[in-house]
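So this block is query-v3.txt, compact mmCIF, C-alpha atoms:
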# COMPACT_ATOMS: atom_id res chain seq x y z
CA MET A 224 13.93 25.27 -2.30
CA GLN A 225 13.63 24.32 -5.96
CA TYR A 226 14.26 20.88 -7.42
CA ARG A 227 14.56 19.83 -11.05
CA PHE A 228 13.92 16.41 -12.59
CA TYR A 229 13.34 15.65 -16.24
CA ASN A 230 11.41 18.67 -17.55
CA PHE A 231 9.82 19.52 -14.18
CA THR A 232 10.70 22.20 -11.65
CA LEU A 233 9.26 21.88 -8.14
CA ASP A 234 9.40 24.76 -5.68
CA THR A 235 8.82 23.26 -2.22
CA ALA A 236 8.74 26.64 -0.48
CA GLN A 237 6.14 28.39 -2.63
CA LEU A 238 4.50 25.07 -3.58
CA TYR A 239 4.29 25.32 -7.34
CA LEU A 240 5.24 23.04 -10.20
CA THR A 241 6.21 23.75 -13.80
CA ALA A 242 6.59 21.40 -16.78
CA SER A 243 8.93 22.69 -19.47
CA GLY A 244 8.57 26.12 -17.89
CA VAL A 245 4.75 26.05 -18.01
CA PRO A 246 2.95 26.30 -14.63
CA VAL A 247 1.00 23.16 -13.70
CA ASP A 248 -2.37 23.34 -11.96
CA ALA A 249 -1.58 20.90 -9.13
CA ASP A 250 -3.25 20.42 -5.76
CA ALA A 251 -1.19 21.90 -2.92
CA ARG A 252 -1.30 18.59 -1.02
CA GLN A 253 0.27 16.79 -3.97
CA LEU A 254 3.22 19.18 -3.85
CA GLN A 255 3.40 18.96 -0.05
CA LEU A 256 3.52 15.17 -0.43
CA LEU A 257 6.49 15.43 -2.79
CA ARG A 258 8.21 17.81 -0.38
CA LEU A 259 7.81 15.36 2.50
CA LEU A 260 9.11 12.46 0.41
CA ILE A 261 12.13 14.47 -0.76
CA ASP A 262 12.96 15.62 2.77
CA SER A 263 12.73 12.12 4.27
CA TYR A 264 14.48 10.17 1.49
CA PRO A 265 15.83 7.46 1.67
CA GLU A 266 13.53 6.77 4.62
CA PRO A 267 9.84 6.27 3.76
CA CYS A 268 6.96 8.36 5.09
CA SER A 269 4.43 6.29 6.98
CA GLN A 270 0.75 6.58 6.21
CA GLN A 271 0.12 7.98 9.68
CA LEU A 272 2.78 10.68 9.21
CA LEU A 273 1.22 11.75 5.91
CA LEU A 274 -2.21 11.97 7.50
CA GLU A 275 -0.88 14.08 10.37
CA ARG A 276 1.18 16.43 8.20
CA LEU A 277 -1.15 16.84 5.22
CA TRP A 278 -4.50 16.87 7.06
CA PRO A 279 -3.60 18.48 10.44
CA ASP A 280 -6.42 18.69 12.97
CA THR A 281 -8.74 17.00 10.48
CA VAL A 282 -10.49 13.64 10.72
CA VAL A 283 -10.07 11.84 7.39
CA SER A 284 -10.21 8.26 6.18
CA HIS A 285 -6.97 6.26 6.33
CA TRP A 286 -7.48 5.79 2.58
CA SER A 287 -6.79 9.50 2.01
CA ALA A 288 -3.01 9.11 1.89
CA GLY A 289 -3.17 6.25 -0.62
CA ARG A 290 -5.61 8.17 -2.79
CA LEU A 291 -3.36 11.25 -2.74
CA VAL A 292 -0.38 9.13 -3.84
CA SER A 293 -2.45 7.63 -6.65
CA ASP A 294 -3.67 11.07 -7.79
CA THR A 295 -0.10 12.41 -7.75
CA ARG A 296 1.13 9.54 -9.92
CA LYS A 297 -1.76 10.17 -12.31
CA LEU A 298 -0.94 13.90 -12.48
CA PHE A 299 2.60 13.20 -13.66
CA ARG A 300 1.47 10.48 -16.08
CA ASN A 301 -0.92 13.00 -17.65
CA LEU A 302 2.02 15.41 -17.98
CA GLY A 303 3.95 12.81 -19.97
CA TYR A 304 6.18 11.42 -17.22
CA GLU A 305 6.52 7.65 -17.75
CA GLY A 306 9.07 6.78 -15.07
CA PRO A 307 8.43 5.57 -11.51
CA LEU A 308 7.49 8.38 -9.13
CA ILE A 309 6.51 7.08 -5.69
CA GLN A 310 7.17 3.62 -4.27
CA THR A 311 4.71 1.79 -2.01
CA LEU A 312 6.61 -0.07 0.72
CA HIS A 313 4.23 -2.54 2.34
CA GLY A 314 4.04 -2.07 6.09
CA ARG A 315 6.29 1.01 5.98
CA GLY A 316 4.58 3.67 3.86
CA TYR A 317 5.72 5.55 0.76
CA ARG A 318 9.09 6.64 -0.60
CA LEU A 319 10.31 8.63 -3.59
CA ALA A 320 11.36 6.26 -6.40
CA PRO A 321 15.18 5.88 -6.57
CA GLU A 322 15.03 6.31 -10.36
CA LEU A 323 13.54 9.76 -9.86
CA VAL A 324 16.03 10.64 -7.13
CA ALA A 325 18.85 9.86 -9.57
CA GLN A 326 17.55 12.68 -11.79
CA LEU A 327 16.68 15.08 -8.96
CA ARG A 328 18.84 18.14 -8.54
CA GLU A 329 18.62 21.17 -6.32
CA VAL A 330 18.67 24.60 -7.97
CA PRO A 331 18.60 28.13 -6.53
CA ALA A 332 15.04 29.31 -6.00
CA ALA A 333 13.90 32.33 -8.01
CA SER A 334 12.40 35.29 -6.20
CA ALA A 335 9.13 34.84 -8.09
CA ARG A 336 7.44 32.13 -10.06
CA PRO A 337 8.88 31.82 -13.59
CA ALA A 338 6.81 33.03 -16.52
CA ILE A 339 5.68 30.59 -19.17
CA ASN A 340 8.62 29.42 -21.29
CA SER A 341 10.98 31.58 -19.20
CA PRO A 342 14.61 30.72 -20.05
CA ALA A 343 15.48 31.08 -16.37
CA ALA A 344 13.75 27.76 -15.74
CA ASP A 345 16.37 25.98 -17.84
CA THR A 346 19.63 27.76 -17.03
CA ALA A 347 20.10 27.17 -13.30
CA PRO A 348 23.37 25.41 -12.39
CA ALA A 349 23.16 21.72 -11.55
CA HIS A 350 23.53 20.34 -8.04
CA PRO A 351 27.06 18.87 -7.80
CA VAL A 352 25.82 15.36 -6.93
CA ALA A 353 22.90 15.22 -9.32
CA ALA A 354 22.63 13.94 -12.87
CA GLU A 355 22.78 16.49 -15.70
CA THR A 356 19.56 17.31 -17.56
CA ARG A 357 19.15 18.93 -20.95
CA PRO A 358 17.45 22.29 -21.57
CA VAL A 359 13.95 21.98 -22.93
CA THR A 360 12.91 23.73 -26.12
CA THR A 361 9.71 23.60 -28.13
CA HIS A 362 11.43 21.60 -30.87
CA ALA A 363 12.95 19.17 -28.37
CA SER A 364 9.61 18.81 -26.60
CA PHE A 365 7.95 17.78 -29.88
CA TRP A 366 10.50 15.07 -30.55
CA ARG A 367 10.41 13.97 -26.94
CA LEU A 368 6.65 13.53 -27.25
CA CYS A 369 7.16 11.46 -30.41
CA GLY A 370 9.71 9.35 -28.60
CA VAL A 371 7.39 8.81 -25.62
CA MET A 372 4.56 7.73 -27.92
CA GLY A 373 6.85 5.31 -29.75
CA LEU A 374 8.12 3.91 -26.47
CA LEU A 375 4.55 3.52 -25.22
CA LEU A 376 3.67 1.47 -28.33
CA LEU A 377 6.71 -0.76 -27.81
CA VAL A 378 5.90 -1.27 -24.13
CA THR A 379 2.27 -2.12 -24.99
CA ALA A 380 3.37 -4.66 -27.59
CA ALA A 381 5.90 -6.18 -25.19
CA THR A 382 3.26 -6.40 -22.45
CA VAL A 383 0.79 -8.19 -24.74
CA TYR A 384 3.53 -10.61 -25.81
CA PHE A 385 4.60 -11.19 -22.21
CA ILE A 386 1.07 -11.98 -21.01
CA THR A 387 0.42 -14.21 -24.01
CA ALA A 388 3.69 -16.09 -23.65
CA ARG A 389 3.18 -16.61 -19.94
CA ARG A 390 -0.32 -18.04 -20.19
CA ILE A 391 -0.69 -21.68 -19.23
CA PRO A 392 -1.65 -24.01 -22.13
CA ASP A 393 -4.36 -26.65 -22.09
CA GLU A 394 -3.57 -30.15 -20.75
CA GLY A 395 -1.54 -32.25 -23.13
CA VAL A 396 0.19 -29.22 -24.69
CA PRO A 397 3.85 -28.63 -23.71
CA LEU A 398 4.44 -25.63 -21.46
CA VAL A 399 5.70 -22.51 -23.19
CA ILE A 400 9.05 -21.03 -22.24
CA GLY A 401 8.57 -18.97 -19.11
CA GLU A 402 7.39 -21.64 -16.69
CA ALA A 403 9.46 -24.55 -15.47
CA ALA A 404 7.97 -28.00 -16.00
CA ASP A 405 8.23 -28.87 -12.29
CA VAL A 406 6.45 -25.88 -10.75
CA ARG A 407 4.65 -26.65 -7.51
CA GLY A 408 1.78 -24.33 -8.34
CA ARG A 409 0.80 -20.88 -9.50
CA ILE A 410 -0.07 -17.51 -7.97
CA LEU A 411 -2.03 -14.80 -9.75
CA TRP A 412 -0.81 -11.43 -8.42
CA VAL A 413 -3.00 -8.37 -9.07
CA ASP A 414 -1.25 -5.03 -8.54
CA ASP A 415 -1.18 -1.85 -10.63
CA ASN A 416 2.41 -1.23 -9.41
CA PRO A 417 3.99 -4.69 -9.73
CA GLY A 418 7.50 -3.28 -9.26
CA ASN A 419 6.70 -2.84 -5.56
CA ASN A 420 6.60 -6.61 -5.02
CA LEU A 421 9.70 -7.83 -6.85
CA ALA A 422 11.39 -9.26 -3.76
CA GLU A 423 8.31 -11.21 -2.69
CA ARG A 424 7.74 -12.59 -6.18
CA HIS A 425 11.37 -13.70 -6.49
CA ASP A 426 11.06 -15.47 -3.16
CA PHE A 427 8.00 -17.40 -4.33
CA GLU A 428 9.67 -18.30 -7.63
CA ALA A 429 12.79 -19.49 -5.78
CA ARG A 430 10.50 -21.96 -4.01
CA GLY A 431 9.27 -23.37 -7.33
CA ILE A 432 6.04 -21.33 -7.43
CA ALA A 433 5.17 -19.58 -10.70
CA VAL A 434 3.87 -16.02 -10.28
CA TYR A 435 1.73 -14.34 -12.96
CA ILE A 436 1.12 -10.59 -12.91
CA VAL A 437 -1.92 -8.56 -13.99
CA THR A 438 -2.64 -4.94 -13.18
CA ASN A 439 -6.45 -4.81 -13.18
CA THR A 440 -9.56 -6.73 -12.14
CA GLU A 441 -10.83 -7.59 -15.63
CA ASP A 442 -7.58 -9.28 -16.69
CA ALA A 443 -7.50 -11.16 -13.40
CA LEU A 444 -11.05 -12.52 -13.90
CA THR A 445 -10.25 -13.52 -17.47
CA LEU A 446 -7.19 -15.55 -16.45
CA LEU A 447 -9.06 -17.11 -13.53
CA SER A 448 -11.72 -18.34 -15.97
CA MET A 449 -9.04 -19.96 -18.15
CA TYR A 450 -6.43 -21.40 -15.78
CA ARG A 451 -6.02 -22.88 -12.33
CA TYR A 452 -4.16 -20.95 -9.62
CA GLN A 453 -3.48 -22.06 -6.07
CA ALA A 454 -3.80 -18.49 -4.75
CA VAL A 455 -4.67 -14.92 -5.70
CA ILE A 456 -2.77 -12.04 -4.07
CA SER A 457 -4.12 -8.52 -4.59
CA ASP A 458 -3.43 -4.99 -3.48
CA MET A 459 -6.35 -2.97 -2.13
CA GLY A 460 -6.46 0.31 -4.08
CA ARG A 461 -5.78 0.56 -7.81
CA GLY A 462 -5.93 3.80 -9.76
CA ASP A 463 -9.14 5.63 -8.92
CA GLU A 464 -10.64 2.60 -7.10
CA PRO A 465 -9.59 2.55 -3.44
CA LEU A 466 -11.60 -0.67 -2.88
CA ALA A 467 -10.52 -2.54 -6.02
CA GLY A 468 -9.20 -5.44 -3.93
CA PHE A 469 -12.58 -5.95 -2.25
CA LYS A 470 -14.43 -5.74 -5.56
CA LEU A 471 -12.27 -8.40 -7.19
CA MET A 472 -12.80 -10.72 -4.22
CA GLU A 473 -16.57 -10.23 -4.33
CA ARG A 474 -16.76 -10.84 -8.08
CA MET A 475 -14.72 -14.03 -7.74
CA ARG A 476 -17.00 -15.40 -5.04
CA ALA A 477 -20.13 -14.32 -6.90
CA ARG A 478 -19.11 -16.58 -9.80
CA ARG A 479 -18.30 -19.43 -7.39
CA ASP A 480 -14.54 -19.13 -7.78
CA GLU A 481 -13.15 -20.39 -4.46
CA THR A 482 -9.45 -19.79 -5.22
CA PRO A 483 -7.80 -18.72 -1.91
CA TYR A 484 -7.67 -14.92 -1.90
CA PHE A 485 -5.27 -12.72 0.06
CA LEU A 486 -4.96 -8.94 0.36
CA TYR A 487 -1.43 -7.52 0.60
CA THR A 488 -1.89 -3.95 1.79
CA ILE A 489 -0.71 -1.22 4.13
CA MET A 490 -1.99 -0.78 7.69
CA PRO A 491 -5.28 -2.73 7.50
CA SER A 492 -7.82 -2.05 10.23
CA ASP A 493 -9.55 -4.72 12.31
CA THR A 494 -12.75 -3.87 10.46
CA GLN A 495 -11.03 -4.46 7.12
CA ARG A 496 -9.77 -7.87 8.26
CA GLN A 497 -13.26 -8.83 9.40
CA LEU A 498 -14.80 -7.74 6.11
CA VAL A 499 -12.30 -9.83 4.16
CA GLN A 500 -13.29 -12.92 6.12
CA GLN A 501 -17.01 -12.18 5.92
CA ARG A 502 -16.89 -11.72 2.16
CA GLY A 503 -14.97 -14.88 1.40
CA GLY A 504 -11.32 -13.82 1.61
CA ASN A 505 -8.63 -15.93 3.25
CA GLY A 506 -6.46 -13.33 4.92
CA VAL A 507 -4.80 -9.91 5.01
CA ALA A 508 -1.01 -9.45 5.10
CA VAL A 509 1.03 -6.33 5.80
CA THR A 510 4.59 -7.69 5.80
CA SER A 511 6.24 -10.20 3.48
CA ASP A 512 6.72 -12.65 6.38
CA GLU A 513 3.02 -12.49 7.13
CA LEU A 514 2.20 -13.01 3.45
CA PHE A 515 4.44 -16.09 3.20
CA SER A 516 2.95 -17.57 6.37
CA LEU A 517 -0.52 -17.30 4.83
CA VAL A 518 0.24 -18.46 1.30
CA LEU A 519 3.02 -21.07 1.50
CA PRO A 520 0.94 -23.68 3.42
CA LEU A 521 -1.30 -23.94 0.36
CA PHE A 522 1.64 -25.20 -1.69
CA ALA A 523 2.77 -27.61 1.01
CA GLU A 524 -0.66 -29.23 0.77
CA ASP A 525 -0.74 -29.07 -3.02
CA SER A 526 2.87 -29.99 -3.77
CA ALA A 527 2.10 -33.63 -4.52
CA ALA A 528 -0.40 -32.72 -7.26
CA PRO A 529 0.44 -31.29 -10.70
CA ALA A 530 -0.39 -27.63 -11.26
CA GLY A 531 -2.91 -28.48 -13.97
CA ARG A 532 -4.96 -26.14 -16.10

Serialized structure, structure tokens:
Amino acid sequence: MQYRFYNFTLDTAQLYLTASGVPVDADARQLQLLRLLIDSYPEPCSQQLLLERLWPDTVVSHWSAGRLVSDTRKLFRNLGYEGPLIQTLHGRGYRLAPELVAQLREVPAASARPAINSPAADTAPAHPVAAETRPVTTHASFWRLCGVMGLLLLVTAATVYFITARRIPDEGVPLVIGEAADVRGRILWVDDNPGNNLAERHDFEARGIAVYIVTNTEDALTLLSMYRYQAVISDMGRGDEPLAGFKLMERMRARRDETPYFLYTIMPSDTQRQLVQQRGGNGVAVTSDELFSLVLPLFAEDSAAPAGR
């Protein structure tokens, strides 16, 4: 079966991928992962299912599935794809991003892999329920690249403005727009895919708790050195660092930062929970209910005091 989205064509039977008609050198497991996610959508694939299907009869670390997802996202980013690809659903596994599914369409599979720049890759009829895509030409690809670069610059500028505007001022200076004057406290949330935690963040904010987002360890340490937070919530793996959550926790404690620290991750082992406690962490949560039960008591204790700097 072949599927098209944006300028990509994925053949799930022969396991090959093309971008604008050009074959992509992708790992077979990355394409098998996409096939599993497409076949199971809208249901997610659990981490255990991915391990069993992608590494059959092989003993591998439970981090292997998360690393494969991260590598697959990176592959498409390097190919110029800027949209969401795979969602992480805490406690449930992984699912194809709905935004990608909206562009996905099924096309008749060719008898052989298309040659580079073959027009056949762009003339297959659309699936009746899928969104229409435009044929890709060299000229269009050039302008698309220019558009992507321009959009990237705008997003970068907006991100810098957002972080700057959301920072907490020194005592005696009025709060900037973006934080209510009567907040009960603040959470610093570290996650390289912050869109995965929108529901949880909205729930905290509805309770009068301000949530500030960073996507990497260095930004988190910088903000922790400048402002006071009642809690830090972090994912475990980020990008090419499967233990990024542990490293941030260790660096915080090494500089005597005792801000309560919680990992929000998928399927933690007993050993992982023990290591978090031994190295100065305050807990590991898998579900949103578990996360709230760990974090909200901090604000019940701290609600009588101002958030401060």

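Summary of the local environment: counting only C-alpha atoms, residues at most 8 Å from A:Ile309, other than itself and those fewer than 4 positions away along its chain, are Val292, Arg296, Tyr317, Arg318, Leu319 and Ala320 of chain A.
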
Near-stretch 442-449 of chain A list (7 Å; all atoms listed in the file; drop same-chain fewer than 3 positions) as a PyMOL selection string: chain A and resi 413+437+439

What are the closest atom pairs, with distances in Å to one decimal, for all residues of stretch 271-333 of chain A lying within 12 Å of stretch 374-378 of chain A? Consider only C-alpha atoms, order rows by chain and residue number, and present the result as a Markdown table.
| residue | atom | partner | partner_atom | distance |
| --- | --- | --- | --- | --- |
| A:Arg300 | CA | A:Leu375 | CA | 11.9 |
| A:Gly303 | CA | A:Leu375 | CA | 10.7 |
| A:Tyr304 | CA | A:Leu375 | CA | 11.4 |
| A:Glu305 | CA | A:Leu375 | CA | 8.8 |
| A:Gly306 | CA | A:Leu375 | CA | 11.6 |

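Take the candidates A:Gln453, A:Asn301, A:Ser511, A:Gln270 and check each one against A:Ile489 using all atoms listed in the file; the shortest distance goes to A:Gln270.
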
Could you check the closest approach to A:Trp286 for each of A:Glu428, A:Glu423, A:Tyr226, A:Gly460 and tell me which residue wins, using all atoms listed in the file? A:Gly460

Calculated over only C-alpha atoms, which of the candidates A:Lys470, A:Val518, A:Leu291, A:Gly462 has the smallest distance to A:Ile432?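 For A:Ile432, the nearest of the given residues is A:Val518.
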
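Coordinates place atom CA of A:Cys369 at a distance of 23.8 Å from atom CA of A:Thr295.
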
Which residue of A:Ala433, A:Leu421, A:Val324, A:Ala454 approaches A:Pro520 most closely, using all atoms listed in the file: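 Once distances to A:Pro520 are computed over all atoms listed in the file, the minimum belongs to A:Ala454.
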
Given only C-alpha atoms as the counted atoms, nearest of A:Val434, A:Ala236, A:Leu486, A:Leu312 to A:Leu471: A:Leu486

Contact residues around A:Ala508 with all atoms listed in the file at 8 Å, ignoring same-chain residues under 6 positions, as a PDB file with C-alpha atoms, keeping the file's coordinate frame:
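So the final result, stored in out-v9.pdb, reads:
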ATOM      1  CA  PHE A 485      -5.270 -12.720   0.060  1.00  0.00           C
ATOM      2  CA  LEU A 486      -4.960  -8.940   0.360  1.00  0.00           C
ATOM      3  CA  TYR A 487      -1.430  -7.520   0.600  1.00  0.00           C
ATOM      4  CA  THR A 488      -1.890  -3.950   1.790  1.00  0.00           C
ATOM      5  CA  LEU A 514       2.200 -13.010   3.450  1.00  0.00           C
ATOM      6  CA  LEU A 517      -0.520 -17.300   4.830  1.00  0.00           C
TER       7      LEU A 517
END

Distance criterion (all atoms listed in the file): nearest to A:Leu277 out of A:Ala251, A:Val499, A:Met372, A:Leu519: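 Using all atoms listed in the file, A:Leu277 sits closest to A:Ala251.
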
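Distance-wise, atom CA of A:Thr510 and atom CA of A:Thr311 end up 12.3 Å apart.
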
Within 6 Å of stretch 229-232 of chain A, counting only C-alpha atoms, which residues show up once you throw out same-chain ones fewer than 4 positions away? Write them as a list in words, please.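 The contact residues come out as Leu240, Thr241, Ala242 and Ser243 of chain A.
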
So how many Å separate atom CA of A:His313 and atom CA of A:Ser284, to one decimal?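 If I compute the distance from atom CA of A:His313 to atom CA of A:Ser284, I get 18.4 Å.
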
Which residues come within 12 Å of A:Leu273, counting all atoms listed in the file, excluding same-chain residues fewer than 5 positions away, as a PyMOL selection string? chain A and resi 252-253+255-260+263+267-268+278-279+283-292+315-318
